[in-house]
$ cat data14.txt   # compact mmCIF, C-alpha atoms
# COMPACT_ATOMS: atom_id res chain seq x y z
CA MET A 1 6.34 4.99 -21.11
CA ALA A 2 2.69 4.59 -20.29
CA HIS A 3 0.42 2.69 -22.72
CA ILE A 4 -1.57 5.85 -23.54
CA THR A 5 -0.60 9.53 -23.77
CA LEU A 6 -1.19 11.03 -20.32
CA PRO A 7 -1.59 14.79 -19.70
CA ILE A 8 1.21 14.83 -17.11
CA ASP A 9 4.41 12.79 -17.03
CA VAL A 10 4.65 11.76 -13.38
CA PRO A 11 5.05 8.35 -11.70
CA GLY A 12 2.14 6.18 -10.58
CA ILE A 13 -1.53 7.06 -10.46
CA ARG A 14 -1.40 10.86 -10.97
CA GLY A 15 -1.06 10.60 -14.76
CA PRO A 16 -4.14 8.34 -15.17
CA LEU A 17 -6.07 10.56 -12.73
CA ALA A 18 -5.27 13.63 -14.86
CA PHE A 19 -6.54 11.81 -17.98
CA ARG A 20 -10.11 11.57 -16.69
CA PRO A 21 -10.72 14.14 -13.91
CA ASP A 22 -14.43 13.26 -13.59
CA ALA A 23 -13.47 9.74 -12.51
CA ALA A 24 -10.46 11.01 -10.51
CA LYS A 25 -12.75 12.99 -8.22
CA HIS A 26 -14.42 9.78 -7.05
CA LEU A 27 -11.22 7.70 -6.99
CA LEU A 28 -9.55 10.27 -4.72
CA GLY A 29 -12.67 10.79 -2.61
CA LEU A 30 -12.91 7.04 -2.05
CA ALA A 31 -9.24 6.82 -0.97
CA GLU A 32 -9.69 9.76 1.40
CA THR A 33 -12.81 8.16 2.91
CA ILE A 34 -11.59 4.61 3.38
CA LEU A 35 -8.03 5.46 4.47
CA ARG A 36 -8.21 8.74 6.41
CA GLN A 37 -11.72 9.52 7.60
CA PRO A 38 -12.64 8.38 11.14
CA ALA A 39 -13.31 4.61 11.31
CA SER A 40 -12.85 1.75 13.75
CA LEU A 41 -9.35 0.99 12.39
CA GLU A 42 -6.63 3.64 12.69
CA PRO A 43 -5.43 5.30 9.46
CA GLY A 44 -2.02 3.60 9.91
CA GLU A 45 -3.69 0.18 10.09
CA ARG A 46 -5.80 0.95 7.00
CA GLU A 47 -2.75 2.16 5.05
CA ALA A 48 -0.99 -1.08 6.08
CA ILE A 49 -3.85 -3.13 4.54
CA ALA A 50 -3.54 -1.01 1.36
CA ALA A 51 0.23 -1.61 1.21
CA TRP A 52 -0.22 -5.35 1.89
CA THR A 53 -2.80 -5.73 -0.91
CA SER A 54 -0.52 -3.80 -3.29
CA HIS A 55 2.44 -5.99 -2.29
CA LEU A 56 0.42 -9.16 -3.02
CA ASN A 57 -0.65 -7.68 -6.37
CA GLY A 58 2.93 -6.74 -7.27
CA CYS A 59 2.14 -3.04 -7.69
CA MET A 60 5.35 -1.39 -6.48
CA PHE A 61 4.22 2.23 -6.74
CA CYS A 62 1.13 1.67 -4.59
CA MET A 63 2.95 -0.65 -2.20
CA LYS A 64 5.79 1.81 -1.55
CA SER A 65 3.63 4.92 -1.35
CA HIS A 66 1.05 3.40 1.01
CA ALA A 67 3.74 1.68 3.08
CA ALA A 68 5.31 5.13 3.47
CA ALA A 69 1.94 6.57 4.52
CA ALA A 70 1.45 3.71 7.01
CA ARG A 71 4.93 4.35 8.48
CA ALA A 72 4.19 8.06 8.77
CA TRP A 73 1.07 7.26 10.81
CA LEU A 74 2.46 4.37 12.87
CA GLY A 75 5.83 5.82 13.85
CA PRO A 76 9.17 3.95 13.77
CA GLU A 77 8.47 1.39 16.50
CA ARG A 78 5.17 0.08 15.12
CA SER A 79 6.48 0.28 11.55
CA ALA A 80 8.86 -2.62 12.19
CA ALA A 81 5.86 -5.02 11.98
CA LEU A 82 4.93 -3.59 8.57
CA ASP A 83 8.52 -3.86 7.32
CA ARG A 84 8.56 -7.57 8.23
CA LEU A 85 5.16 -8.10 6.61
CA LEU A 86 6.23 -6.57 3.30
CA ALA A 87 9.74 -8.11 3.27
CA ASP A 88 8.90 -11.67 4.39
CA GLU A 89 5.09 -11.91 4.44
CA ASP A 90 5.52 -12.38 8.19
CA ALA A 91 2.55 -10.81 10.03
CA SER A 92 3.67 -11.94 13.51
CA GLY A 93 4.56 -8.38 14.56
CA PHE A 94 0.90 -7.31 14.38
CA PRO A 95 -1.71 -7.90 17.09
CA PRO A 96 -4.11 -10.84 16.50
CA LYS A 97 -6.97 -8.72 15.12
CA MET A 98 -4.78 -7.13 12.44
CA ARG A 99 -3.32 -10.55 11.57
CA ALA A 100 -6.83 -11.91 11.00
CA LEU A 101 -7.76 -8.89 8.85
CA LEU A 102 -4.55 -9.28 6.81
CA ASP A 103 -5.59 -12.91 6.22
CA ILE A 104 -9.01 -11.78 4.93
CA SER A 105 -7.21 -9.34 2.68
CA ARG A 106 -4.92 -12.05 1.27
CA ALA A 107 -7.85 -14.39 0.60
CA LEU A 108 -9.83 -11.69 -1.20
CA GLN A 109 -6.87 -10.33 -3.19
CA GLY A 110 -6.14 -13.78 -4.57
CA CYS A 111 -9.73 -14.57 -5.52
CA VAL A 112 -12.99 -12.63 -5.64
CA LEU A 113 -14.69 -15.66 -4.03
CA GLY A 114 -11.80 -16.31 -1.59
CA VAL A 115 -13.29 -15.15 1.73
CA ARG A 116 -14.69 -18.12 3.71
CA PRO A 117 -16.82 -18.10 6.89
CA GLU A 118 -13.71 -19.37 8.74
CA HIS A 119 -11.84 -16.16 7.89
CA ILE A 120 -14.64 -14.13 9.42
CA GLU A 121 -14.91 -16.38 12.49
CA ARG A 122 -11.18 -16.07 13.17
CA ALA A 123 -11.37 -12.28 12.82
CA ARG A 124 -14.31 -12.09 15.24
CA ALA A 125 -12.54 -14.38 17.74
CA ALA A 126 -9.61 -11.92 17.59
CA GLY A 127 -11.93 -9.02 18.40
CA ALA A 128 -12.78 -7.64 14.93
CA SER A 129 -16.03 -5.66 14.67
CA ASP A 130 -18.35 -5.45 11.66
CA SER A 131 -16.70 -2.13 10.78
CA ASP A 132 -13.20 -3.61 10.97
CA ILE A 133 -14.23 -6.47 8.65
CA HIS A 134 -16.12 -4.15 6.27
CA ASP A 135 -13.18 -1.78 5.97
CA ALA A 136 -10.61 -4.56 5.49
CA VAL A 137 -12.78 -5.94 2.65
CA LEU A 138 -13.40 -2.55 1.01
CA ILE A 139 -9.75 -1.39 1.26
CA THR A 140 -8.54 -4.68 -0.24
CA ALA A 141 -11.16 -4.46 -3.00
CA ALA A 142 -10.30 -0.82 -3.72
CA PHE A 143 -6.57 -1.56 -4.01
CA CYS A 144 -7.32 -4.42 -6.40
CA MET A 145 -8.74 -1.54 -8.48
CA TYR A 146 -6.08 1.16 -7.90
CA ASN A 147 -3.27 -1.36 -8.52
CA ARG A 148 -4.86 -2.40 -11.84
CA TYR A 149 -5.41 1.21 -12.87
CA VAL A 150 -1.72 2.02 -12.29
CA GLU A 151 -0.30 -1.16 -13.85
CA GLY A 152 -2.88 -1.66 -16.61
CA LEU A 153 -1.90 1.69 -18.12
CA GLY A 154 1.82 0.92 -17.78
CA THR A 155 2.81 3.86 -15.57
CA ARG A 156 6.25 3.99 -13.95
CA GLU A 157 7.50 3.88 -10.36
CA ALA A 158 8.72 6.90 -8.41
CA ASP A 159 12.35 7.41 -7.33
CA GLU A 160 13.09 5.50 -4.12
CA ARG A 161 13.80 8.69 -2.16
CA ASP A 162 10.42 10.22 -3.08
CA TYR A 163 8.25 7.72 -1.19
CA GLU A 164 9.04 8.85 2.36
CA PRO A 165 8.00 12.50 1.81
CA MET A 166 5.02 11.22 -0.20
CA GLY A 167 3.93 9.16 2.81
CA ARG A 168 4.14 12.17 5.14
CA ARG A 169 2.20 14.27 2.63
CA LEU A 170 -0.54 11.62 2.37
CA ARG A 171 -0.78 11.56 6.19
CA ASP A 172 -0.82 15.34 6.57
CA GLN A 173 -2.73 16.54 3.50
CA GLY A 174 -4.65 13.47 2.38
CA TYR A 175 -5.87 12.43 -1.03
CA CYS A 176 -8.24 15.19 -2.13
CA PRO A 177 -6.93 18.37 -3.73
CA PRO A 178 -8.01 21.50 -1.82
CA GLY A 179 -11.56 22.54 -2.69
CA ALA A 180 -12.42 19.15 -4.21
CA MET B 1 -26.51 -14.38 5.17
CA ALA B 2 -23.87 -11.71 4.74
CA HIS B 3 -20.66 -11.91 6.81
CA ILE B 4 -21.56 -8.71 8.71
CA THR B 5 -24.87 -7.18 9.82
CA LEU B 6 -26.01 -4.86 7.03
CA PRO B 7 -28.58 -2.08 7.53
CA ILE B 8 -30.81 -3.38 4.73
CA ASP B 9 -31.47 -6.98 3.69
CA VAL B 10 -31.32 -6.78 -0.11
CA PRO B 11 -29.29 -8.73 -2.70
CA GLY B 12 -25.91 -7.62 -4.01
CA ILE B 13 -24.11 -4.36 -3.42
CA ARG B 14 -26.93 -2.24 -1.91
CA GLY B 15 -26.46 -3.70 1.58
CA PRO B 16 -22.71 -2.95 1.74
CA LEU B 17 -23.35 0.52 0.27
CA ALA B 18 -25.86 1.24 3.05
CA PHE B 19 -23.30 0.17 5.68
CA ARG B 20 -20.91 3.01 4.84
CA PRO B 21 -22.72 5.84 2.99
CA ASP B 22 -19.64 8.08 2.90
CA ALA B 23 -17.83 5.48 0.77
CA ALA B 24 -21.02 4.63 -1.16
CA LYS B 25 -21.24 8.17 -2.51
CA HIS B 26 -17.91 7.73 -4.30
CA LEU B 27 -18.54 4.11 -5.34
CA LEU B 28 -21.82 5.10 -7.00
CA GLY B 29 -20.38 8.30 -8.48
CA LEU B 30 -17.55 6.30 -10.01
CA ALA B 31 -19.97 3.78 -11.57
CA GLU B 32 -22.12 6.59 -12.96
CA THR B 33 -19.05 8.30 -14.45
CA ILE B 34 -17.32 5.33 -16.02
CA LEU B 35 -20.46 3.55 -17.28
CA ARG B 36 -23.00 6.24 -18.19
CA GLN B 37 -21.37 9.65 -18.68
CA PRO B 38 -20.34 10.60 -22.25
CA ALA B 39 -17.18 8.79 -23.38
CA SER B 40 -15.67 7.33 -26.55
CA LEU B 41 -17.29 3.93 -25.90
CA GLU B 42 -21.08 3.66 -25.80
CA PRO B 43 -22.70 2.91 -22.41
CA GLY B 44 -23.79 -0.52 -23.73
CA GLU B 45 -20.18 -1.38 -24.62
CA ARG B 46 -18.95 -0.20 -21.23
CA GLU B 47 -21.63 -2.23 -19.42
CA ALA B 48 -20.56 -5.25 -21.51
CA ILE B 49 -16.95 -4.84 -20.24
CA ALA B 50 -18.31 -4.63 -16.67
CA ALA B 51 -20.39 -7.81 -17.17
CA TRP B 52 -17.42 -9.62 -18.79
CA THR B 53 -15.07 -8.74 -15.91
CA SER B 54 -17.70 -9.86 -13.40
CA HIS B 55 -18.20 -13.13 -15.32
CA LEU B 56 -14.44 -13.81 -15.25
CA ASN B 57 -14.39 -13.03 -11.52
CA GLY B 58 -17.37 -15.32 -10.83
CA CYS B 59 -19.51 -12.56 -9.31
CA MET B 60 -23.00 -13.55 -10.42
CA PHE B 61 -24.88 -10.54 -9.02
CA CYS B 62 -22.65 -8.03 -10.84
CA MET B 63 -22.47 -10.15 -14.00
CA LYS B 64 -26.24 -10.53 -14.29
CA SER B 65 -27.14 -6.95 -13.34
CA HIS B 66 -24.58 -5.34 -15.70
CA ALA B 67 -25.37 -7.82 -18.48
CA ALA B 68 -29.00 -6.72 -18.10
CA ALA B 69 -27.94 -3.06 -18.27
CA ALA B 70 -25.83 -3.79 -21.38
CA ARG B 71 -28.80 -5.55 -23.03
CA ALA B 72 -31.07 -2.61 -22.19
CA TRP B 73 -28.64 -0.25 -23.97
CA LEU B 74 -27.71 -2.50 -26.89
CA GLY B 75 -31.16 -3.80 -27.84
CA PRO B 76 -32.00 -7.43 -28.72
CA GLU B 77 -30.00 -7.76 -31.93
CA ARG B 78 -26.65 -6.53 -30.57
CA SER B 79 -27.23 -8.36 -27.28
CA ALA B 80 -26.77 -11.74 -28.99
CA ALA B 81 -22.99 -11.09 -29.07
CA LEU B 82 -22.99 -10.45 -25.31
CA ASP B 83 -25.03 -13.59 -24.64
CA ARG B 84 -22.46 -15.70 -26.55
CA LEU B 85 -19.59 -13.97 -24.72
CA LEU B 86 -21.01 -14.71 -21.28
CA ALA B 87 -22.23 -18.24 -22.12
CA ASP B 88 -19.20 -19.54 -24.07
CA GLU B 89 -16.47 -16.88 -23.72
CA ASP B 90 -16.89 -16.45 -27.46
CA ALA B 91 -16.30 -12.80 -28.43
CA SER B 92 -16.65 -13.35 -32.18
CA GLY B 93 -19.98 -11.51 -32.31
CA PHE B 94 -18.29 -8.21 -31.38
CA PRO B 95 -16.47 -5.90 -33.79
CA PRO B 96 -12.62 -6.14 -33.74
CA LYS B 97 -12.09 -3.10 -31.50
CA MET B 98 -14.39 -4.46 -28.78
CA ARG B 99 -12.76 -7.91 -29.08
CA ALA B 100 -9.34 -6.33 -28.46
CA LEU B 101 -10.67 -4.36 -25.46
CA LEU B 102 -12.27 -7.52 -24.02
CA ASP B 103 -8.84 -9.18 -24.33
CA ILE B 104 -7.22 -6.33 -22.37
CA SER B 105 -9.94 -6.76 -19.77
CA ARG B 106 -9.30 -10.51 -19.46
CA ALA B 107 -5.53 -9.99 -19.12
CA LEU B 108 -5.98 -7.36 -16.40
CA GLN B 109 -8.71 -9.23 -14.51
CA GLY B 110 -6.49 -12.30 -14.23
CA CYS B 111 -3.40 -10.42 -13.08
CA VAL B 112 -2.62 -6.84 -12.03
CA LEU B 113 0.53 -7.04 -14.20
CA GLY B 114 -1.22 -8.89 -17.05
CA VAL B 115 -1.49 -6.16 -19.72
CA ARG B 116 1.38 -6.42 -22.22
CA PRO B 117 2.39 -3.96 -24.98
CA GLU B 118 1.02 -6.51 -27.50
CA HIS B 119 -2.49 -6.14 -26.04
CA ILE B 120 -2.29 -2.39 -26.57
CA GLU B 121 -0.84 -2.74 -30.09
CA ARG B 122 -3.65 -5.10 -31.12
CA ALA B 123 -6.26 -2.71 -29.72
CA ARG B 124 -4.73 0.24 -31.61
CA ALA B 125 -4.56 -1.80 -34.82
CA ALA B 126 -8.29 -2.47 -34.39
CA GLY B 127 -8.98 1.26 -34.05
CA ALA B 128 -8.98 1.78 -30.27
CA SER B 129 -8.24 5.33 -29.07
CA ASP B 130 -6.45 6.33 -25.86
CA SER B 131 -9.89 6.94 -24.31
CA ASP B 132 -11.16 3.50 -25.32
CA ILE B 133 -8.08 1.84 -23.78
CA HIS B 134 -8.22 4.00 -20.65
CA ASP B 135 -11.89 3.23 -20.06
CA ALA B 136 -11.51 -0.51 -20.70
CA VAL B 137 -8.70 -0.55 -18.10
CA LEU B 138 -10.55 1.55 -15.53
CA ILE B 139 -13.86 -0.34 -15.91
CA THR B 140 -12.09 -3.69 -15.53
CA ALA B 141 -10.15 -2.37 -12.52
CA ALA B 142 -13.31 -0.96 -10.94
CA PHE B 143 -15.23 -4.23 -11.33
CA CYS B 144 -12.33 -6.12 -9.75
CA MET B 145 -13.23 -3.86 -6.79
CA TYR B 146 -17.06 -3.98 -6.93
CA ASN B 147 -17.01 -7.79 -7.38
CA ARG B 148 -14.77 -8.18 -4.31
CA TYR B 149 -16.92 -5.81 -2.26
CA VAL B 150 -20.05 -7.85 -3.05
CA GLU B 151 -18.48 -11.30 -2.62
CA GLY B 152 -16.03 -10.48 0.18
CA LEU B 153 -18.95 -9.54 2.43
CA GLY B 154 -20.92 -12.64 1.43
CA THR B 155 -24.02 -10.94 0.01
CA ARG B 156 -26.61 -12.95 -1.92
CA GLU B 157 -27.81 -12.93 -5.53
CA ALA B 158 -31.10 -11.40 -6.70
CA ASP B 159 -34.02 -13.45 -8.04
CA GLU B 160 -33.51 -14.30 -11.73
CA ARG B 161 -36.58 -12.30 -12.78
CA ASP B 162 -35.33 -9.13 -11.07
CA TYR B 163 -32.29 -8.57 -13.30
CA GLU B 164 -34.07 -7.46 -16.47
CA PRO B 165 -36.00 -4.60 -14.82
CA MET B 166 -32.81 -3.75 -12.88
CA GLY B 167 -30.95 -3.39 -16.19
CA ARG B 168 -33.61 -1.04 -17.57
CA ARG B 169 -33.53 1.00 -14.36
CA LEU B 170 -29.73 1.30 -14.52
CA ARG B 171 -29.99 2.48 -18.13
CA ASP B 172 -32.79 4.98 -17.44
CA GLN B 173 -32.02 6.27 -13.94
CA GLY B 174 -28.33 5.47 -13.49
CA TYR B 175 -26.34 4.77 -10.37
CA CYS B 176 -26.63 7.92 -8.27
CA PRO B 177 -29.61 8.50 -6.01
CA PRO B 178 -31.44 11.76 -6.81
CA GLY B 179 -29.72 14.75 -5.24
CA ALA B 180 -26.45 12.87 -4.69

$ encode --input "data14.txt" --output "structure tokens"
Amino acid sequence: MAHITLPIDVPGIRGPLAFRPDAAKHLLGLAETILRQPASLEPGEREAIAAWTSHLNGCMFCMKSHAAAARAWLGPERSAALDRLLADEDASGFPPKMRALLDISRALQGCVLGVRPEHIERARAAGASDSDIHDAVLITAAFCMYNRYVEGLGTREADERDYEPMGRRLRDQGYCPPGA
Amino acid sequence: MAHITLPIDVPGIRGPLAFRPDAAKHLLGLAETILRQPASLEPGEREAIAAWTSHLNGCMFCMKSHAAAARAWLGPERSAALDRLLADEDASGFPPKMRALLDISRALQGCVLGVRPEHIERARAAGASDSDIHDAVLITAAFCMYNRYVEGLGTREADERDYEPMGRRLRDQGYCPPGA
């Protein structure tokens, strides 16, 4: 049971979002913007950074739902790299630029002051642009928020079988309710 | 110098916000909602939770700017409790409910999975409502994001003398640009 009485009894972030719709509007709009709107990184790559941050934070609901969204975008072949990342923290299946961005993400998840000039230099040497670096930082930062919102209020996980359709829905319909 | 080229050369979060205005709209709207819109906690109490989280995260720009906003709301007498909190991590100047909420904030800042049922029970025993607990969790979560956005991109601090007027401006004009 969640730590507070939520208006709807559903797994993960939807209960907290229903508790304070004025904040939910911005939380969902931010997710839509940083994960799905056009940017230098593909949506599948951005969802992978979200899943990776959530894995490092130990937030199972966010990790599984955003991993499912990443798989929906990437397709089965490219998803094998994500599966290895989340199972064994082995990023070797990703191209060098994504590996460098995943390293920035790990440094920043662990510590607010964790990103060093060397992280940025390695990302640039691997071909990362300012936009790639900005988005890796903001997605990691945002999931350090979403993960805390979900876990800090003590919400529960979804059923295992629900994540795959959730991932396809997030790819196809996104984060904002119609008309929002 | 920041880790990426930002459109404006100003301290703290304004440079990153100017880099990606579509995300900035939601980041500013969220701050306005959780810190200034009507809620069970006063704006000064909510700004104090933001400053406390930023202190624990070591983000000086956010700590000093939101401490200044909290002082602007609370007035000199009640600000003494905040000064002791940020100087010595001594929360004894706050009433019991705020002390319990600051404890929830510390637990959640340190670890995504850090909030225990005992934290919630102590807050309820001290008179905290569902809304108080929700907002303490969401403000802490959000500043674990804002702090990482500011520090992960390597922005710089403001001049010491600029924080006090910044705090008054945040109290009087808020976070959203006119027309946003």

$ atom_distance --input "data14.txt" --atom1 "CA of Val150 (chain B)" --atom2 "CA of Phe143 (chain A)"
14.9 Å

$ atom_distance --input "data14.txt" --atom1 "CA of Asn57 (chain B)" --atom2 "CA of Ala128 (chain B)"
24.5 Å

$ residues_around --input "data14.txt" --residues "Ala142 (chain B)" --least-positions-apart "3" --cutoff "10 Å" --atoms "all atoms listed in the file" --output "list of chain:residue names"
A:Leu27, A:Ala141, A:Ala142, A:Phe143, A:Cys144, A:Met145, A:Tyr146, A:Arg148, A:Tyr149, B:Leu27, B:Leu30, B:Ala31, B:Ile34, B:Ala50, B:Thr53, B:Ala136, B:Val137, B:Leu138, B:Ile139, B:Met145, B:Tyr146, B:Asn147, B:Arg148

$ residues_around --input "data14.txt" --residues "region 62-74 of chain A" --least-positions-apart "2" --cutoff "10 Å" --atoms "all atoms listed in the file" --output "ChimeraX atom specification"
/A:12-13,35,42-60,76-80,82-83,86,143,146-147,150-151,157-158,160,162-172,174

$ write_last_selection --input "data14.txt" --atoms "C-alpha atoms" --output "PDB file, keeping the file's coordinate frame"
ATOM      1  CA  GLY A  12       2.140   6.180 -10.580  1.00  0.00           C
ATOM      2  CA  ILE A  13      -1.530   7.060 -10.460  1.00  0.00           C
ATOM      3  CA  LEU A  35      -8.030   5.460   4.470  1.00  0.00           C
ATOM      4  CA  GLU A  42      -6.630   3.640  12.690  1.00  0.00           C
ATOM      5  CA  PRO A  43      -5.430   5.300   9.460  1.00  0.00           C
ATOM      6  CA  GLY A  44      -2.020   3.600   9.910  1.00  0.00           C
ATOM      7  CA  GLU A  45      -3.690   0.180  10.090  1.00  0.00           C
ATOM      8  CA  ARG A  46      -5.800   0.950   7.000  1.00  0.00           C
ATOM      9  CA  GLU A  47      -2.750   2.160   5.050  1.00  0.00           C
ATOM     10  CA  ALA A  48      -0.990  -1.080   6.080  1.00  0.00           C
ATOM     11  CA  ILE A  49      -3.850  -3.130   4.540  1.00  0.00           C
ATOM     12  CA  ALA A  50      -3.540  -1.010   1.360  1.00  0.00           C
ATOM     13  CA  ALA A  51       0.230  -1.610   1.210  1.00  0.00           C
ATOM     14  CA  TRP A  52      -0.220  -5.350   1.890  1.00  0.00           C
ATOM     15  CA  THR A  53      -2.800  -5.730  -0.910  1.00  0.00           C
ATOM     16  CA  SER A  54      -0.520  -3.800  -3.290  1.00  0.00           C
ATOM     17  CA  HIS A  55       2.440  -5.990  -2.290  1.00  0.00           C
ATOM     18  CA  LEU A  56       0.420  -9.160  -3.020  1.00  0.00           C
ATOM     19  CA  ASN A  57      -0.650  -7.680  -6.370  1.00  0.00           C
ATOM     20  CA  GLY A  58       2.930  -6.740  -7.270  1.00  0.00           C
ATOM     21  CA  CYS A  59       2.140  -3.040  -7.690  1.00  0.00           C
ATOM     22  CA  MET A  60       5.350  -1.390  -6.480  1.00  0.00           C
ATOM     23  CA  PRO A  76       9.170   3.950  13.770  1.00  0.00           C
ATOM     24  CA  GLU A  77       8.470   1.390  16.500  1.00  0.00           C
ATOM     25  CA  ARG A  78       5.170   0.080  15.120  1.00  0.00           C
ATOM     26  CA  SER A  79       6.480   0.280  11.550  1.00  0.00           C
ATOM     27  CA  ALA A  80       8.860  -2.620  12.190  1.00  0.00           C
ATOM     28  CA  LEU A  82       4.930  -3.590   8.570  1.00  0.00           C
ATOM     29  CA  ASP A  83       8.520  -3.860   7.320  1.00  0.00           C
ATOM     30  CA  LEU A  86       6.230  -6.570   3.300  1.00  0.00           C
ATOM     31  CA  PHE A 143      -6.570  -1.560  -4.010  1.00  0.00           C
ATOM     32  CA  TYR A 146      -6.080   1.160  -7.900  1.00  0.00           C
ATOM     33  CA  ASN A 147      -3.270  -1.360  -8.520  1.00  0.00           C
ATOM     34  CA  VAL A 150      -1.720   2.020 -12.290  1.00  0.00           C
ATOM     35  CA  GLU A 151      -0.300  -1.160 -13.850  1.00  0.00           C
ATOM     36  CA  GLU A 157       7.500   3.880 -10.360  1.00  0.00           C
ATOM     37  CA  ALA A 158       8.720   6.900  -8.410  1.00  0.00           C
ATOM     38  CA  GLU A 160      13.090   5.500  -4.120  1.00  0.00           C
ATOM     39  CA  ASP A 162      10.420  10.220  -3.080  1.00  0.00           C
ATOM     40  CA  TYR A 163       8.250   7.720  -1.190  1.00  0.00           C
ATOM     41  CA  GLU A 164       9.040   8.850   2.360  1.00  0.00           C
ATOM     42  CA  PRO A 165       8.000  12.500   1.810  1.00  0.00           C
ATOM     43  CA  MET A 166       5.020  11.220  -0.200  1.00  0.00           C
ATOM     44  CA  GLY A 167       3.930   9.160   2.810  1.00  0.00           C
ATOM     45  CA  ARG A 168       4.140  12.170   5.140  1.00  0.00           C
ATOM     46  CA  ARG A 169       2.200  14.270   2.630  1.00  0.00           C
ATOM     47  CA  LEU A 170      -0.540  11.620   2.370  1.00  0.00           C
ATOM     48  CA  ARG A 171      -0.780  11.560   6.190  1.00  0.00           C
ATOM     49  CA  ASP A 172      -0.820  15.340   6.570  1.00  0.00           C
ATOM     50  CA  GLY A 174      -4.650  13.470   2.380  1.00  0.00           C
TER      51      GLY A 174
END

$ residues_around --input "data14.txt" --residues "Gly29 (chain B)" --least-positions-apart "2" --cutoff "8 Å" --atoms "all atoms listed in the file" --output "PyMOL selection string"
(chain A and resi 26) or (chain B and resi 25-27+31-33+175-176)

$ atom_distance --input "data14.txt" --atom1 "CA of Thr5 (chain B)" --atom2 "CA of Asp130 (chain A)"
7.0 Å

$ closest_residue --input "data14.txt" --among "B:Ser40, B:Ser92, B:Gln173, B:Gln109" --to "chain A" --atoms "all atoms listed in the file"
B:Gln109

$ closest_residue --input "data14.txt" --among "B:Ala23, B:Arg124, B:Ala91, B:Leu41" --to "chain A" --atoms "only C-alpha atoms"
B:Ala23

$ closest_residue --input "data14.txt" --among "B:Ala2, B:Ala100, B:Leu17, B:Val112" --to "chain A" --atoms "all atoms listed in the file"
B:Val112

$ closest_residue --input "data14.txt" --among "B:Arg161, B:Gly93, B:Ile4, B:Ala24" --to "Pro117 (chain A)" --atoms "only C-alpha atoms"
B:Ile4

$ build_atoms --input "data14.txt" --residues "region 112-123 of chain A" --atoms "N, CA and C atoms" --output "PDB file, keeping the file's coordinate frame"
ATOM      1  N   VAL A 112     -11.766 -13.359  -5.980  1.00  0.00           N
ATOM      2  CA  VAL A 112     -12.990 -12.630  -5.640  1.00  0.00           C
ATOM      3  C   VAL A 112     -13.875 -13.451  -4.685  1.00  0.00           C
ATOM      4  N   LEU A 113     -13.848 -14.785  -4.851  1.00  0.00           N
ATOM      5  CA  LEU A 113     -14.690 -15.660  -4.030  1.00  0.00           C
ATOM      6  C   LEU A 113     -13.898 -16.275  -2.863  1.00  0.00           C
ATOM      7  N   GLY A 114     -12.739 -15.665  -2.513  1.00  0.00           N
ATOM      8  CA  GLY A 114     -11.800 -16.310  -1.590  1.00  0.00           C
ATOM      9  C   GLY A 114     -12.136 -16.215  -0.103  1.00  0.00           C
ATOM     10  N   VAL A 115     -13.010 -15.290   0.295  1.00  0.00           N
ATOM     11  CA  VAL A 115     -13.290 -15.150   1.730  1.00  0.00           C
ATOM     12  C   VAL A 115     -14.272 -16.229   2.181  1.00  0.00           C
ATOM     13  N   ARG A 116     -13.874 -17.017   3.184  1.00  0.00           N
ATOM     14  CA  ARG A 116     -14.690 -18.120   3.710  1.00  0.00           C
ATOM     15  C   ARG A 116     -15.224 -17.735   5.092  1.00  0.00           C
ATOM     16  N   PRO A 117     -16.318 -18.367   5.524  1.00  0.00           N
ATOM     17  CA  PRO A 117     -16.820 -18.100   6.890  1.00  0.00           C
ATOM     18  C   PRO A 117     -15.732 -18.254   7.955  1.00  0.00           C
ATOM     19  N   GLU A 118     -14.783 -19.176   7.748  1.00  0.00           N
ATOM     20  CA  GLU A 118     -13.710 -19.370   8.740  1.00  0.00           C
ATOM     21  C   GLU A 118     -12.861 -18.127   8.901  1.00  0.00           C
ATOM     22  N   HIS A 119     -12.611 -17.411   7.776  1.00  0.00           N
ATOM     23  CA  HIS A 119     -11.840 -16.160   7.890  1.00  0.00           C
ATOM     24  C   HIS A 119     -12.549 -15.174   8.813  1.00  0.00           C
ATOM     25  N   ILE A 120     -13.856 -15.087   8.632  1.00  0.00           N
ATOM     26  CA  ILE A 120     -14.640 -14.130   9.420  1.00  0.00           C
ATOM     27  C   ILE A 120     -14.689 -14.566  10.880  1.00  0.00           C
ATOM     28  N   GLU A 121     -14.865 -15.878  11.094  1.00  0.00           N
ATOM     29  CA  GLU A 121     -14.910 -16.380  12.490  1.00  0.00           C
ATOM     30  C   GLU A 121     -13.600 -16.110  13.211  1.00  0.00           C
ATOM     31  N   ARG A 122     -12.482 -16.329  12.521  1.00  0.00           N
ATOM     32  CA  ARG A 122     -11.180 -16.070  13.170  1.00  0.00           C
ATOM     33  C   ARG A 122     -11.016 -14.586  13.483  1.00  0.00           C
ATOM     34  N   ALA A 123     -11.493 -13.723  12.574  1.00  0.00           N
ATOM     35  CA  ALA A 123     -11.370 -12.280  12.820  1.00  0.00           C
ATOM     36  C   ALA A 123     -12.230 -11.881  14.027  1.00  0.00           C
TER      37      ALA A 123
END
